[in-house]
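data_29.txt, holding compact mmCIF, C-alpha atoms and all ligand atoms:
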```txt
# COMPACT_ATOMS: atom_id res chain seq x y z
CA MET A 126 14.24 49.10 66.79
CA MET A 127 10.82 48.20 65.47
CA PHE A 128 11.97 49.04 62.00
CA ASN A 129 15.02 46.79 62.36
CA ILE A 130 12.94 43.75 63.28
CA GLN A 131 10.70 44.33 60.33
CA LYS A 132 13.70 44.64 58.13
CA THR A 133 15.15 41.40 59.45
CA LEU A 134 11.85 39.60 58.97
CA ALA A 135 11.59 40.91 55.46
CA ALA A 136 15.10 39.72 54.72
CA MET A 137 14.28 36.26 56.10
CA LEU A 138 11.11 36.02 54.08
CA LEU A 139 13.00 37.02 50.99
CA GLY A 140 15.60 34.39 51.78
CA ILE A 141 12.97 31.69 52.13
CA LEU A 142 11.33 32.84 48.95
CA LEU A 143 14.62 32.66 47.13
CA LEU A 144 15.31 29.19 48.54
CA THR A 145 11.87 28.01 47.48
CA LEU A 146 12.22 29.49 44.02
CA GLY A 147 15.75 28.18 43.79
CA GLY A 148 14.75 25.28 41.58
CA CYS A 149 15.48 21.58 41.71
CA GLY A 150 19.07 21.93 42.81
CA ASP A 151 18.00 23.48 46.09
CA ASP A 152 15.38 20.88 47.00
CA GLU A 153 17.50 19.33 49.67
CA GLN A 154 18.26 22.64 51.31
CA ALA A 155 14.63 23.81 51.14
CA THR A 156 13.46 20.57 52.78
CA THR A 157 15.96 20.87 55.60
CA HIS A 158 14.96 24.46 56.09
CA SER A 159 11.23 23.89 56.37
CA GLY A 160 11.94 20.83 58.54
CA GLY A 161 13.64 23.12 60.98
CA MET A 162 10.84 25.68 60.88
CA MET A 163 8.06 23.17 61.56
CA LYS A 164 9.62 21.15 64.28
CA GLY A 165 6.48 19.28 65.22
CA HIS A 166 6.17 17.95 61.73
CA SER A 167 9.72 16.86 61.23
CA SER A 168 9.18 13.19 61.99
CA MET A 169 6.31 12.96 59.51
CA GLY A 170 8.01 15.15 56.99
CA GLY A 171 10.65 14.34 54.41
CA MET A 172 12.01 10.87 53.74
CA LYS A 173 15.13 11.73 55.62
CA SER A 174 13.62 12.36 59.02
CA SER A 175 11.15 9.47 58.89
CA GLN A 176 14.04 7.15 58.08
CA ASP A 177 15.97 8.54 61.01
CA SER A 178 13.21 7.75 63.47
CA SER A 179 12.72 4.20 62.17
CA THR A 180 16.45 3.59 62.36
CA THR A 181 16.51 4.64 65.98
CA SER A 182 13.80 2.19 67.02
CA SER A 183 15.20 -0.57 64.82
CA LEU A 184 18.52 -0.39 66.68
CA LYS A 185 16.86 -1.61 69.86
CA THR A 186 17.18 -5.30 70.61
CA VAL A 187 13.97 -7.21 69.92
CA ALA A 188 12.44 -8.11 73.30
CA GLY A 189 14.08 -11.20 74.76
CA ARG A 190 16.34 -11.78 71.75
CA TRP A 191 19.95 -11.02 70.92
CA TYR A 192 19.30 -9.20 67.62
CA THR A 193 17.79 -5.92 66.48
CA LYS A 194 15.01 -5.15 64.03
CA ALA A 195 17.65 -3.62 61.76
CA GLN A 196 19.44 -6.98 61.62
CA ILE A 197 16.22 -8.79 60.69
CA GLU A 198 15.65 -6.29 57.90
CA GLN A 199 19.22 -6.66 56.70
CA GLY A 200 18.97 -10.45 56.81
CA ALA A 201 15.73 -10.86 54.86
CA PRO A 202 17.05 -10.12 51.35
CA LEU A 203 20.29 -11.99 52.11
CA PHE A 204 18.36 -15.11 53.10
CA ALA A 205 16.25 -14.81 49.96
CA SER A 206 19.29 -14.63 47.70
CA TYR A 207 21.68 -17.05 49.40
CA CYS A 208 19.66 -19.57 51.39
CA ALA A 209 16.08 -19.80 50.16
CA ALA A 210 16.97 -21.96 47.15
CA CYS A 211 17.76 -24.85 49.50
CA HIS A 212 16.08 -23.99 52.79
CA GLY A 213 12.89 -22.54 51.29
CA LYS A 214 11.56 -19.02 51.08
CA GLU A 215 10.09 -19.20 54.58
CA ALA A 216 13.00 -21.29 55.86
CA GLN A 217 10.62 -24.27 55.99
CA GLY A 218 13.30 -26.66 54.70
CA ASP A 219 12.85 -29.74 52.57
CA PHE A 220 10.00 -31.87 53.87
CA ARG A 221 12.23 -34.96 53.57
CA TRP A 222 14.95 -33.37 55.68
CA ARG A 223 15.01 -36.20 58.23
CA GLN A 224 15.93 -38.84 55.67
CA ARG A 225 19.18 -39.14 53.84
CA GLY A 226 18.81 -38.70 50.11
CA ALA A 227 20.02 -41.15 47.46
CA ASP A 228 23.45 -39.56 47.76
CA GLY A 229 23.56 -40.43 51.46
CA ARG A 230 23.27 -36.77 52.46
CA TYR A 231 20.57 -35.01 54.40
CA PRO A 232 18.33 -32.53 52.58
CA PRO A 233 18.24 -28.93 53.88
CA PRO A 234 16.47 -28.80 57.26
CA PRO A 235 13.97 -26.12 58.26
CA LEU A 236 15.55 -23.09 59.90
CA ASN A 237 12.21 -21.64 61.01
CA GLY A 238 12.23 -23.28 64.42
CA SER A 239 9.97 -26.17 63.45
CA GLY A 240 11.02 -29.76 63.22
CA HIS A 241 13.88 -30.30 65.55
CA ALA A 242 15.40 -29.05 68.74
CA TRP A 243 18.09 -26.49 68.17
CA HIS A 244 21.11 -27.44 70.18
CA HIS A 245 23.89 -25.68 68.34
CA PRO A 246 25.22 -22.55 69.99
CA LYS A 247 25.39 -19.45 67.82
CA PRO A 248 29.14 -19.71 67.13
CA MET A 249 28.51 -23.16 65.62
CA ILE A 250 25.61 -21.94 63.52
CA THR A 251 27.80 -19.07 62.38
CA ARG A 252 30.60 -21.45 61.49
CA GLN A 253 28.31 -23.70 59.46
CA ILE A 254 27.13 -20.74 57.42
CA ARG A 255 30.63 -19.35 56.96
CA GLU A 256 32.41 -22.63 56.21
CA GLY A 257 29.63 -24.95 55.07
CA SER A 258 28.62 -28.39 56.26
CA PRO A 259 31.05 -30.49 58.20
CA ALA A 260 32.38 -33.47 56.21
CA GLY A 261 29.59 -35.50 54.65
CA GLY A 262 27.14 -32.63 54.34
CA SER A 263 26.20 -30.70 51.26
CA MET A 264 25.84 -27.10 52.32
CA PRO A 265 28.40 -24.74 50.78
CA GLY A 266 30.14 -22.11 52.89
CA PHE A 267 29.28 -18.44 52.44
CA GLY A 268 32.34 -16.85 53.99
CA ALA A 269 33.40 -15.46 50.62
CA GLN A 270 30.05 -13.81 49.87
CA LEU A 271 28.85 -12.74 53.31
CA SER A 272 30.61 -10.67 55.94
CA ASP A 273 30.35 -11.73 59.58
CA ALA A 274 27.81 -8.95 60.15
CA GLN A 275 25.71 -10.22 57.23
CA ILE A 276 25.84 -13.77 58.59
CA GLN A 277 24.61 -12.49 61.96
CA ALA A 278 21.80 -10.67 60.13
CA VAL A 279 20.74 -13.83 58.31
CA ILE A 280 20.67 -15.74 61.61
CA ALA A 281 18.60 -12.91 63.11
CA TRP A 282 16.13 -13.21 60.24
CA PHE A 283 15.50 -16.93 60.63
CA GLN A 284 15.64 -16.97 64.42
CA ASN A 285 12.96 -14.31 64.39
CA LEU A 286 10.67 -16.99 62.93
CA TRP A 287 11.16 -19.08 66.06
CA SER A 288 8.47 -19.18 68.71
CA ALA A 289 9.33 -17.98 72.19
CA GLU A 290 9.41 -21.64 73.34
CA VAL A 291 11.89 -22.74 70.70
CA TYR A 292 14.05 -19.71 71.26
CA GLN A 293 14.05 -20.12 75.02
CA SER A 294 14.93 -23.77 74.89
CA TRP A 295 17.79 -22.96 72.51
CA GLN A 296 18.96 -20.25 74.86
CA GLY A 297 18.59 -22.57 77.86
CA ARG A 298 20.84 -25.12 76.22
CA MET A 299 23.45 -22.44 75.65
CA HIS A 300 23.54 -21.73 79.37
CA HIS A 301 24.01 -25.38 80.25
CA LYS A 302 26.88 -25.73 77.85
CA GLY A 303 28.47 -22.59 79.26
C1 LIG A 401 22.97 -25.87 48.34
C2 LIG A 401 21.96 -25.93 49.36
C3 LIG A 401 22.11 -25.04 50.59
C4 LIG A 401 22.23 -23.66 50.64
C5 LIG A 401 22.32 -22.68 49.48
C6 LIG A 401 22.25 -23.31 52.04
N1 LIG A 401 22.16 -24.43 52.82
FE1 LIG A 401 22.11 -24.51 54.85
N2 LIG A 401 22.06 -26.54 54.79
C7 LIG A 401 21.96 -27.30 53.64
C8 LIG A 401 21.92 -28.71 54.00
C9 LIG A 401 21.82 -29.87 53.01
C10 LIG A 401 21.98 -28.77 55.41
C11 LIG A 401 21.87 -30.06 56.24
C12 LIG A 401 22.98 -30.56 56.98
C13 LIG A 401 24.29 -30.51 56.32
O1 LIG A 401 24.43 -31.02 55.18
O2 LIG A 401 25.19 -29.96 56.93
C14 LIG A 401 22.09 -27.38 55.87
C15 LIG A 401 22.18 -27.00 57.18
C16 LIG A 401 22.16 -25.71 57.65
C17 LIG A 401 22.23 -25.32 59.04
C18 LIG A 401 22.35 -26.25 60.23
C19 LIG A 401 20.96 -26.59 60.69
C20 LIG A 401 20.93 -27.36 61.97
O3 LIG A 401 19.84 -27.84 62.27
O4 LIG A 401 21.92 -27.47 62.66
C21 LIG A 401 22.15 -23.96 59.08
C22 LIG A 401 22.15 -23.08 60.30
C23 LIG A 401 22.04 -23.50 57.71
N3 LIG A 401 22.06 -24.59 56.87
C24 LIG A 401 21.93 -22.19 57.35
C25 LIG A 401 22.00 -21.73 56.04
C26 LIG A 401 22.02 -20.33 55.68
C27 LIG A 401 21.87 -19.18 56.64
C28 LIG A 401 22.16 -20.28 54.32
C29 LIG A 401 22.32 -19.05 53.46
C30 LIG A 401 23.40 -18.15 53.79
C31 LIG A 401 22.22 -21.65 53.84
N4 LIG A 401 22.11 -22.50 54.91
C32 LIG A 401 22.34 -22.01 52.51
C33 LIG A 401 21.93 -26.83 52.36
C34 LIG A 401 22.06 -25.51 51.97
```
As structure tokens, what does this structure read like?
Amino acid sequence: MMFNIQKTLAAMLLGILLLTLGGCGDDEQATTHSGGMMKGHSSMGGMKSSQDSSTTSSLKTVAGRWYTKAQIEQGAPLFASYCAACHGKEAQGDFRWRQRGADGRYPPPPLNGSGHAWHHPKPMITRQIREGSPAGGSMPGFGAQLSDAQIQAVIAWFQNLWSAEVYQSWQGRMHHKG
């Protein structure tokens, strides 16, 4: 009996040794293995597990808002590549946004919650991004470049710049409109 346990242990140790010495190709396997052995460390361990834990928390809705942290993170680079050129890197808009330009069109407004009261419900904001400005405006539509999920992520990113007051008044308006 005693002998058998020792034998088993020896075999396991040999196995681990072989895995460890297995070279680059076995890295993945070795990581998984030691992750399993040192359970307490697994969340601080390899890339894989730390990513897992951040994904879990990022799937929770941000307090009081409709979107998740994961959506904000997804939206940030999309906003930078598709929207920042007109609306500004921080979504601050063009400072002349209240006045029509020489072409009779309005410059890009801030999307960061400053400036004006937001009274468009989310489906309308979504539509503007997908299809572009209604007649007379100059914003192009992004339906060809961005999926619906990506559009929601971009909205999450800029709405996350809104103060609680701005967000709540926007949400309040939604309720009144039904
Ligand atoms: C070529 C410049 C340009 C780009 C690029 C652009 N926009 Fe706009 N956007 C505008 C302009 C100009 C307006 C102002 C009103 C209008 O013309 O419809 C506007 C208006 C908006 C509005 C309505 C704001 C309101 O107060 O109702 C939203 C929302 C918006 N843009 C989001 C985006 C997002 C998100 C992106 C990136 C996916 C984007 N825009 C890219 C020019 C642009």
Please provide as a count of residues only all residues within 10 Å of Gly268 in chain A, with the sequence filter that same-chain residues fewer than 6 positions apart are discarded (counting all atoms listed in the file). 9
Exercise answer, 7 Å around ligand LIG 401 (chain A) with only C-alpha atoms and all ligand atoms, as a ChimeraX atom specification: /A:204,207-212,230-234,236,243,245,250,253-254,257-259,261-265,267,276,279-280
From the list A:Asp219, A:Arg190, A:Ala205, A:Pro248, which residue is nearest Val291 in chain A when using only C-alpha atoms?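 Checking each of A:Asp219, A:Arg190, A:Ala205, A:Pro248 against Val291 in chain A, counting only C-alpha atoms, the winner is A:Arg190.
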Polymer residues at most 12 Å from Gln293 in chain A, all atoms listed in the file, same-chain spacing of 3 or more positions, as a PyMOL selection string: chain A and resi 189-191+238+242-244+284+287-290+296-300
How about saving the chosen residues, C-alpha atoms kept, as a PDB file, in the coordinates of the input?
```pdb
ATOM      1  CA  GLY A 189      14.080 -11.200  74.760  1.00  0.00           C
ATOM      2  CA  ARG A 190      16.340 -11.780  71.750  1.00  0.00           C
ATOM      3  CA  TRP A 191      19.950 -11.020  70.920  1.00  0.00           C
ATOM      4  CA  GLY A 238      12.230 -23.280  64.420  1.00  0.00           C
ATOM      5  CA  ALA A 242      15.400 -29.050  68.740  1.00  0.00           C
ATOM      6  CA  TRP A 243      18.090 -26.490  68.170  1.00  0.00           C
ATOM      7  CA  HIS A 244      21.110 -27.440  70.180  1.00  0.00           C
ATOM      8  CA  GLN A 284      15.640 -16.970  64.420  1.00  0.00           C
ATOM      9  CA  TRP A 287      11.160 -19.080  66.060  1.00  0.00           C
ATOM     10  CA  SER A 288       8.470 -19.180  68.710  1.00  0.00           C
ATOM     11  CA  ALA A 289       9.330 -17.980  72.190  1.00  0.00           C
ATOM     12  CA  GLU A 290       9.410 -21.640  73.340  1.00  0.00           C
ATOM     13  CA  GLN A 296      18.960 -20.250  74.860  1.00  0.00           C
ATOM     14  CA  GLY A 297      18.590 -22.570  77.860  1.00  0.00           C
ATOM     15  CA  ARG A 298      20.840 -25.120  76.220  1.00  0.00           C
ATOM     16  CA  MET A 299      23.450 -22.440  75.650  1.00  0.00           C
ATOM     17  CA  HIS A 300      23.540 -21.730  79.370  1.00  0.00           C
TER      18      HIS A 300
END
```
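Note that CA of Met249 in chain A and CA of Gly226 in chain A are 24.0 Å apart.
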Can you work out the spacing between CA of Tyr292 in chain A and CA of Thr186 in chain A in Å, to one decimal?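 For CA of Tyr292 in chain A relative to CA of Thr186 in chain A, the distance reads 14.8 Å.
The interatomic distance for the pair CA of Leu286 in chain A and CA of Asn237 in chain A works out to 5.3 Å.
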Which residues are close to Gln199 in chain A, i.e. within 9 Å by only C-alpha atoms, leaving aside same-chain residues fewer than 4 positions away? Reply as an MDAnalysis selection string. chainID A and resid 194:195 203 275 278:279 281:282
Residue among A:Gln270, A:Gln277, A:Ser239, A:Gln217 lying closest to Glu198 in chain A, counting all atoms listed in the file: A:Gln277
